[in-house]
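Have a look at the structure below, then the notes.
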Amino acid sequence: MFKKISFRVVIGLSATVLLLSACADGNEEAENDVSPDLEDAIENVSAEAAPEAIEPHKDLNQDPVPLEMERDGTDVYINMTAQITDIEIDKGYTYKAWTFNGEAPGPLVVVNEGDTIHFTLDNMDPAIPHSMDFHAVHAAPDKGFADVAPNEEGTFVYDANSPGVFMYHCGTDPVLSHVANGMHGVIIVQPEDGYPTDDEVDQEYVIVQNEWYQYNDLDDMTNNEPSQVVFSAKALEDGQPNTNGTVSALKDEPLTAKVGDKVRFYINNVGPNEVSSFHVIGTIMDDVYLDGHPDNHLTGMQTVMLPASGGAVVEFTVKEAGTYKFVTHQFNHVQKGAAGVLEVTE
Amino acid sequence: MFKKISFRVVIGLSATVLLLSACADGNEEAENDVSPDLEDAIENVSAEAAPEAIEPHKDLNQDPVPLEMERDGTDVYINMTAQITDIEIDKGYTYKAWTFNGEAPGPLVVVNEGDTIHFTLDNMDPAIPHSMDFHAVHAAPDKGFADVAPNEEGTFVYDANSPGVFMYHCGTDPVLSHVANGMHGVIIVQPEDGYPTDDEVDQEYVIVQNEWYQYNDLDDMTNNEPSQVVFSAKALEDGQPNTNGTVSALKDEPLTAKVGDKVRFYINNVGPNEVSSFHVIGTIMDDVYLDGHPDNHLTGMQTVMLPASGGAVVEFTVKEAGTYKFVTHQFNHVQKGAAGVLEVTE
Amino acid sequence: MFKKISFRVVIGLSATVLLLSACADGNEEAENDVSPDLEDAIENVSAEAAPEAIEPHKDLNQDPVPLEMERDGTDVYINMTAQITDIEIDKGYTYKAWTFNGEAPGPLVVVNEGDTIHFTLDNMDPAIPHSMDFHAVHAAPDKGFADVAPNEEGTFVYDANSPGVFMYHCGTDPVLSHVANGMHGVIIVQPEDGYPTDDEVDQEYVIVQNEWYQYNDLDDMTNNEPSQVVFSAKALEDGQPNTNGTVSALKDEPLTAKVGDKVRFYINNVGPNEVSSFHVIGTIMDDVYLDGHPDNHLTGMQTVMLPASGGAVVEFTVKEAGTYKFVTHQFNHVQKGAAGVLEVTE
């Protein structure tokens with residue numbers, strides 16, 4: 001069972017309310033100061049955003065299917081699904097998401113530089129085609145990222161020769177609908193020679209930023225501001241393909257670190273539309289690798305500019321116990337949810 | 001005669017429709033699945049955007065005037081026009097553009113690091129002043145980029161001492177009107193010592209991203225989202241000033257490459273308002289030079305962040321035959337047209 | 001007495017009008033061609049934006065309190081206030097700003113790498129808590145950046161170990177309200193070993209970009225485009241903490257330089273929401289240090305991408321006498337005011 005931590009704030013309200021919920025097991029903690037006005041607003045947001053799924057999706061809520069991943073030398077066999085699954089993206093607001101494996105963002109995939117990926121997409125959606133566009137690989141899009149018809153499977157083979165923190169997403173037209181409805185995630189290609197700062201790092205997390213729009217509303221997605229901007233966090237330690245062959249084991253606790261730890265975030269802003277100004281409050285990023293490539297090194301950054309679909313490895317030290325939020329410093333997006341929390345203890 | 005390839009998608013529709021048209025000769029190919037709804041929408045878009053030209057422009061449609069360029073040692077003599085010319089920016093939607101030389105984006109200019117540019121602007125517009133702001137040069141804006149009155153000529157001399165992929169644009173107030181109405185383009189200053197990767201490159205193209213707004217509507221340009229976001233492509237091979245003294249010979253075929261080619265794009269996002277998240281689907285950019293300066297090197301990038309008026313040289317390898325789209329990964333802008341195509345054959 | 005130069009253009013008008021005003025002493029110069037229409041528009045802008053302050057702020061206009069700064073070896077003692085002060089942010093439009101020390105942006109703070117900052121915030125606001133988030137330091141946000149209650153003081157100690165051009169801002173929830181209402185500024189941490197180009201620089205200025213929204217309207221701040229986008233300039237030469245222990249002495253003249261000068265701008269885009277495409281018309285930035293860290297060097301840039309809260313040191317040479325504007329090349333924001341002027345004389 002996959003669990004996910006996501007951080008969200010209800011939009012357009014007079015106070016920022018951080019809702020930290022572990023979606024997969026239904027445990028939700030709201031801060032105590034949620035006013036009646038706020039609750040009304042939440043209901044109204046939900047009402048306005050009432051799903052209008054396409055007909056074949058209306059009664060569909062496919063159980064999450066775990067990502068399958070097996071390694072044989074440098075050959076990695078990955079099976080993923082395209083499926084329609086209800087995701088609670090905000091308190092009391094369930095979004096009938098178009099997903100990979102029932103998650104949005106989809107499961108984390110981690111491979112090594114030099115691996116060959118044997119990828120199978122099982123399109124469980126009975127209605128429309130889906131596909132996979134891994135930013136981590138070279139492929140003719142009309143072949144390697146080709147549509148897989150409803151209820152069919154497609155298998156594709158790619159080499160992963162460039163290290164980084166890459167977006168993946170459904171590439172079927174209109175791409176904006178597929179990505180904004182939930183079909184996005186992160187694939188990390190670990191550099192063969194590592195990062196120069198590997199030995200200094202104590203904790204690693206994967207952070208994904210994405211936006212949500214009015215349900216399945218391509219006009220809203222095309223022309224309007226996002227309704228929610230959120231971070232999801234996925235931990236790495238259980239998910240290395242070279243340890244147990246499975247990835248994307250997600251933590252159901254808040255992100256944590258100890259005083260003095262150097263923390264590494266693998267981040268990607270999967271969009272679909274907005275850029276990100278990634279910042280961790282209370283620290284400075286000692287080392288930044290743009291798009292996660294070891295050669296693209298920056299030092300002492302307060303904020304990292306991420307284009308839509310841009311990634312980075314960022315590393316920072318937490319020197320005092322307490323609660324550290326990370327945000328996009330485009331603060332209208334913080335109002336819409338883009339704040340996560342790292343708890344640092346002695 | 002100048003020809004132009006531009007790639008556009010009608011906005012706000014429920015499906016992405018790529019219209020590939022060679023504007024200059026009127027050949028247009030629409031995909032076969034254009035529905036009646038779509039055609040209505042296209043008509044409505046055109047109707048809403050009906051030009052409201054200023055009075056002296058209303059019956060004006062000045063034939064494109066080829067850019068003139070002659071070289072004498074390191075002295076380069078460039079003559080350009082400011083003129084009012086109808087440009088078909090979308091299927092059936094003609095925009096009475098304010099242009100350089102009857103093109104929007106204007107003609108490509110390529111010079112060498114160390115050149116002296118003797119630039120003459122012939123303002124053929126009978127109504128309002130225009131000017132030239134080359135980002136590639138040093139000049140006191142109120143002198144070197146000064147307004148040229150209607151029906152007059154102005155001549156300016158600059159040194160081109162910094163290599164890169166620079167925007168040029170009309171700098172007359174209000175600049176937003178002049179740029180958004182079409183007065184923008186690219187000037188490349190080729191580095192004296194070249195790029196470290198020059199020997200690896202098999203194909204070169206120049207790609208320009210720009211947005212369009214409601215016709216000559218400064219309020220729309222200032223406050224609203226763009227109506228169209230598009231790429232234009234201009235090929236280099238016929239246009240080197242050091243071969244035949246003319247630049248900006250444009251191709252009337254799709255961009256092409258062979259399997260295994262390393263392709264170089266000189267790109268600039270001329271705006272006027274939006275940033276770009278430049279990405280080529282199906283590949284990774286092995287080498288990126290920010291603003292086109294050989295010293296600003298990044299490696300292994302999935303997506304390059306371009307500020308408004310920012311440029312880059314990006315290089316990538318195509319390893320399989322097929323159709324590769326390039327986009328800004330801000331996918332709301334892809335819905336509005338920002339997708340081009342590179343055809344790769346064996 | 002603090003004086004400030006700020007550059008603003010009235011929004012949504014058919015011509016760019018640069019209003020250069022020295023706010024602190026009330027001297028205002030408008031260009032001569034302000035039409036009656038324009039004056040109406042200015043009045044309407046002001047009317048629409050009529051302050052609706054929270055009740056305890058309504059009759060409050062606290063005199064600016066100079067920043068206090070004293071140095072004892074590497075210990076720097078800084079006293080700042082949070083206070084409610086009227087700021088004229090546009091011709092005839094006074095904004096009852098939430099400020100640091102009665103300025104928006106707040107006073108410039110300059111320290112040296114290796115300093116220890118002993119910071120006291122005197123919250124003179126009788127109604128709501130405020131706080132300080134220095135991007136330049138490491139601190140547990142819930143401790144080092146903790147709220148200071150109305151009419152109370154809080155003292156915090158930090159080390160400044162990372163050089164750069166950092167944003168500071170109030171970090172009290174909702175942060176967007178506090179920043180958009182005016183609580184932002186710049187702290188420069190001067191690198192111990194300087195910048196490689198220190199010896200070449202003739203003039204230094206600090207430039208801050210920020211946006212304004214409808215007064216104290218969190219919904220507008222969250223969901224709409226800014227009403228004004230502006231630059232403020234603060235000069236360094238009188239403000240070094242190592243000369244007289246005070247910083248933020250601001251110039252009441254336009255920015256100036258001599259022909260041949262290499263000019264350095266310390267810039268930060270404090271947002272709160274928008275990214276910036278920073279560009280100086282008529283020149284090329286020879287040297288750029290991202291976030292102001294000496295190791296993050298770029299060369300020959302036409303335009304620098306600044307995320308929200310991103311900084312840079314940019315250096316350029318002015319080779320001819322005249323008037324050089326600097327802008328964000330997102331020209332819709334220039335329409336809303338984002339243009340400053342550097343006067344270059346023989």
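Starting from 1 in every chain, residues are counted up; chains themselves are A, B, ... following the order of the structure tokens, and ligands are numbered from 1 as listed.
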With the cut-off set at 9 Å and counting only C-alpha atoms, tabulate each residue of chain A with an atom at most that distance from an atom of chain C, showing the nearest atom pair and its distance in Å to one decimal, ordered by chain and increasing number, as a tab-separated table.
```
residue	atom	partner	partner_atom	distance
A:Ile11	CA	C:Thr222	CA	8.0
A:Gly12	CA	C:Asp219	CA	5.3
A:Leu13	CA	C:Asp219	CA	7.1
A:Ser14	CA	C:Leu218	CA	6.3
A:Ala15	CA	C:Pro174	CA	5.3
A:Thr16	CA	C:Pro174	CA	5.3
A:Val17	CA	C:Pro174	CA	8.8
A:Glu225	CA	C:Asn223	CA	7.2
A:Val275	CA	C:Val275	CA	8.8
A:Ser276	CA	C:Pro307	CA	7.6
A:Ser277	CA	C:Pro307	CA	5.1
A:Phe278	CA	C:Pro307	CA	8.4
A:His279	CA	C:Ser309	CA	8.7
A:Ile281	CA	C:Pro141	CA	6.6
A:Gly282	CA	C:Ala139	CA	4.8
A:Thr283	CA	C:His138	CA	4.5
A:Ile284	CA	C:His138	CA	6.8
A:Asp286	CA	C:Ser162	CA	8.6
A:His297	CA	C:Asn296	CA	8.4
A:Leu298	CA	C:Asn296	CA	5.8
A:Thr299	CA	C:Asp295	CA	6.5
A:Gly300	CA	C:His293	CA	6.4
A:Met301	CA	C:Asp291	CA	6.0
A:Gln302	CA	C:His135	CA	6.3
A:Thr303	CA	C:Gly310	CA	5.8
A:Val304	CA	C:Pro307	CA	7.0
A:Met305	CA	C:Pro307	CA	5.3
A:Leu306	CA	C:Pro307	CA	8.4
A:Thr317	CA	C:His138	CA	8.3
A:Val318	CA	C:His138	CA	7.3
A:Lys319	CA	C:His138	CA	6.7
A:Glu320	CA	C:Ala140	CA	5.5
A:Ala321	CA	C:Ala140	CA	6.3
A:Gly322	CA	C:Ala140	CA	5.1
A:Thr323	CA	C:Asp142	CA	6.1
A:Tyr324	CA	C:Pro141	CA	6.0
A:Lys325	CA	C:Pro141	CA	7.9
A:Thr328	CA	C:Ala308	CA	8.2
A:His329	CA	C:Ala308	CA	5.5
A:Gln330	CA	C:Asn273	CA	4.1
A:Phe331	CA	C:Asn273	CA	5.4
A:Asn332	CA	C:Thr222	CA	4.4
A:His333	CA	C:Thr222	CA	7.4
A:Val334	CA	C:Leu176	CA	8.0
A:Gln335	CA	C:Thr222	CA	6.6
A:Lys336	CA	C:Thr222	CA	7.9
A:Val344	CA	C:Ala140	CA	8.5
```
Practice problem: Do a neighbour search on range 99-106 of chain C at 10 Å with only C-alpha atoms, toss out local chain neighbours closer than 6 positions, and write the hits as JSON, numbers by chain. | Solution: {"C": [2, 3, 4, 6, 24, 61, 62, 63, 64, 65, 66, 67, 68, 79, 80, 81, 82, 83, 84, 85, 86, 87, 88, 89, 121, 122, 123, 124, 125, 130, 131, 132, 168, 169, 170, 178, 179, 180, 181, 182, 183, 184, 185, 186, 187, 208, 209, 210, 231, 232, 233, 234, 248, 270]}
Practice problem: Report the residues of range 65-249 of chain B whose backbone DSSP state falls under alpha helix (DSSP H), written as a ChimeraX atom specification. | Solution: /B:141-144,175-180,218-223,241-244
Can you write just those residues out, N, CA, C and O atoms, as a short mmCIF file (atom, residue, chain, number, x, y, z; two decimals), in the first residue's frame?
```cif
data_model
loop_
_atom_site.label_atom_id
_atom_site.label_comp_id
_atom_site.auth_asym_id
_atom_site.auth_seq_id
_atom_site.Cartn_x
_atom_site.Cartn_y
_atom_site.Cartn_z
N PRO B 141 20.71 54.39 -24.76
CA PRO B 141 19.42 54.14 -25.42
C PRO B 141 18.82 55.38 -26.06
O PRO B 141 18.21 55.29 -27.14
N ASP B 142 18.97 56.54 -25.41
CA ASP B 142 18.35 57.75 -25.98
C ASP B 142 19.11 58.25 -27.21
O ASP B 142 18.63 59.15 -27.90
N LYS B 143 20.28 57.66 -27.49
CA LYS B 143 21.01 58.05 -28.70
C LYS B 143 21.05 56.88 -29.69
O LYS B 143 20.52 56.95 -30.79
N GLY B 144 21.66 55.79 -29.28
CA GLY B 144 21.86 54.66 -30.20
C GLY B 144 20.58 53.94 -30.56
O GLY B 144 20.51 53.28 -31.59
N VAL B 175 6.78 50.54 -25.21
CA VAL B 175 7.52 49.41 -25.79
C VAL B 175 6.63 48.18 -25.90
O VAL B 175 6.70 47.43 -26.88
N LEU B 176 5.78 47.98 -24.89
CA LEU B 176 4.93 46.78 -24.92
C LEU B 176 4.08 46.72 -26.19
O LEU B 176 3.94 45.67 -26.81
N SER B 177 3.54 47.86 -26.60
CA SER B 177 2.73 47.87 -27.83
C SER B 177 3.57 47.49 -29.04
O SER B 177 3.14 46.68 -29.88
N HIS B 178 4.76 48.04 -29.13
CA HIS B 178 5.58 47.80 -30.31
C HIS B 178 6.04 46.34 -30.38
O HIS B 178 6.04 45.73 -31.44
N VAL B 179 6.42 45.78 -29.23
CA VAL B 179 6.89 44.39 -29.24
C VAL B 179 5.71 43.43 -29.44
O VAL B 179 5.77 42.52 -30.26
N ALA B 180 4.63 43.66 -28.69
CA ALA B 180 3.50 42.73 -28.78
C ALA B 180 2.84 42.79 -30.16
O ALA B 180 2.26 41.82 -30.62
N LEU B 218 -3.43 47.64 -25.81
CA LEU B 218 -2.42 47.75 -24.76
C LEU B 218 -2.95 47.29 -23.41
O LEU B 218 -2.22 46.74 -22.60
N ASP B 219 -4.24 47.49 -23.20
CA ASP B 219 -4.80 47.02 -21.94
C ASP B 219 -4.75 45.48 -21.88
O ASP B 219 -4.36 44.91 -20.86
N ASP B 220 -5.11 44.83 -22.97
CA ASP B 220 -5.03 43.36 -23.00
C ASP B 220 -3.59 42.90 -22.86
O ASP B 220 -3.30 41.95 -22.12
N MET B 221 -2.69 43.57 -23.54
CA MET B 221 -1.27 43.21 -23.46
C MET B 221 -0.74 43.36 -22.03
O MET B 221 0.13 42.62 -21.60
N THR B 222 -1.26 44.36 -21.31
CA THR B 222 -0.76 44.66 -19.97
C THR B 222 -1.35 43.75 -18.91
O THR B 222 -0.67 43.35 -17.97
N ASN B 223 -2.61 43.39 -19.07
CA ASN B 223 -3.32 42.76 -17.96
C ASN B 223 -3.77 41.33 -18.17
O ASN B 223 -4.13 40.65 -17.22
N PRO B 241 26.50 35.65 -42.71
CA PRO B 241 26.98 36.87 -43.34
C PRO B 241 28.36 36.68 -43.96
O PRO B 241 28.74 37.39 -44.87
N ASN B 242 29.09 35.69 -43.49
CA ASN B 242 30.43 35.48 -44.03
C ASN B 242 30.43 34.61 -45.28
O ASN B 242 31.46 34.33 -45.85
N THR B 243 29.27 34.17 -45.74
CA THR B 243 29.24 33.41 -46.99
C THR B 243 28.74 34.27 -48.15
O THR B 243 29.42 34.46 -49.13
N ASN B 244 27.55 34.83 -47.98
CA ASN B 244 27.05 35.58 -49.13
C ASN B 244 26.50 36.97 -48.78
O ASN B 244 25.84 37.60 -49.59
#
```
Quiz item: Smallest atom-to-atom distance to Gly194 in chain B: which of B:Pro56, B:Tyr77, B:Asp287, B:Glu113, using only C-alpha atoms?
Solution: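 Of B:Pro56, B:Tyr77, B:Asp287, B:Glu113, the one nearest Gly194 in chain B, counting only C-alpha atoms, is B:Glu113.
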Quiz item: What residues in range 277-325 of chain C get the DSSP label strand (DSSP E)? Please answer as a list in words.
Solution: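 After running DSSP on the backbone, range 277-325 of chain C has strand (DSSP E) at Ser277, Phe278, His279, Val280, Met285, Asp286, Asp287, Val288, Tyr289, Leu290, His297, Leu298, Thr299, Gly300, Met301, Val304, Met305, Leu306, Gly311, Ala312, Val313, Val314, Glu315, Phe316, Thr317, Gly322, Thr323, Tyr324 and Lys325 of chain C.
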Quiz item: So what do you get for CA of Val313 in chain A versus CA of Asp159 in chain C, distance-wise?
Solution: 25.0 Å
Exercise. Kindly indicate which residue among C:Glu52, C:Asp72, C:Asp115, C:Glu315 lies nearest to Thr94 in chain C, using only C-alpha atoms for the distances.
Key: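 For Thr94 in chain C, the nearest of the given residues is C:Glu52.
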Quiz item: Using only C-alpha atoms, which of B:Ile54, B:Val109, B:Ile267, B:Val288 sits nearest Tyr195 in chain B?
Solution: B:Val288
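With CA of Asp90 in chain B on one side and CA of Tyr213 in chain B on the other, the separation reads 12.1 Å.
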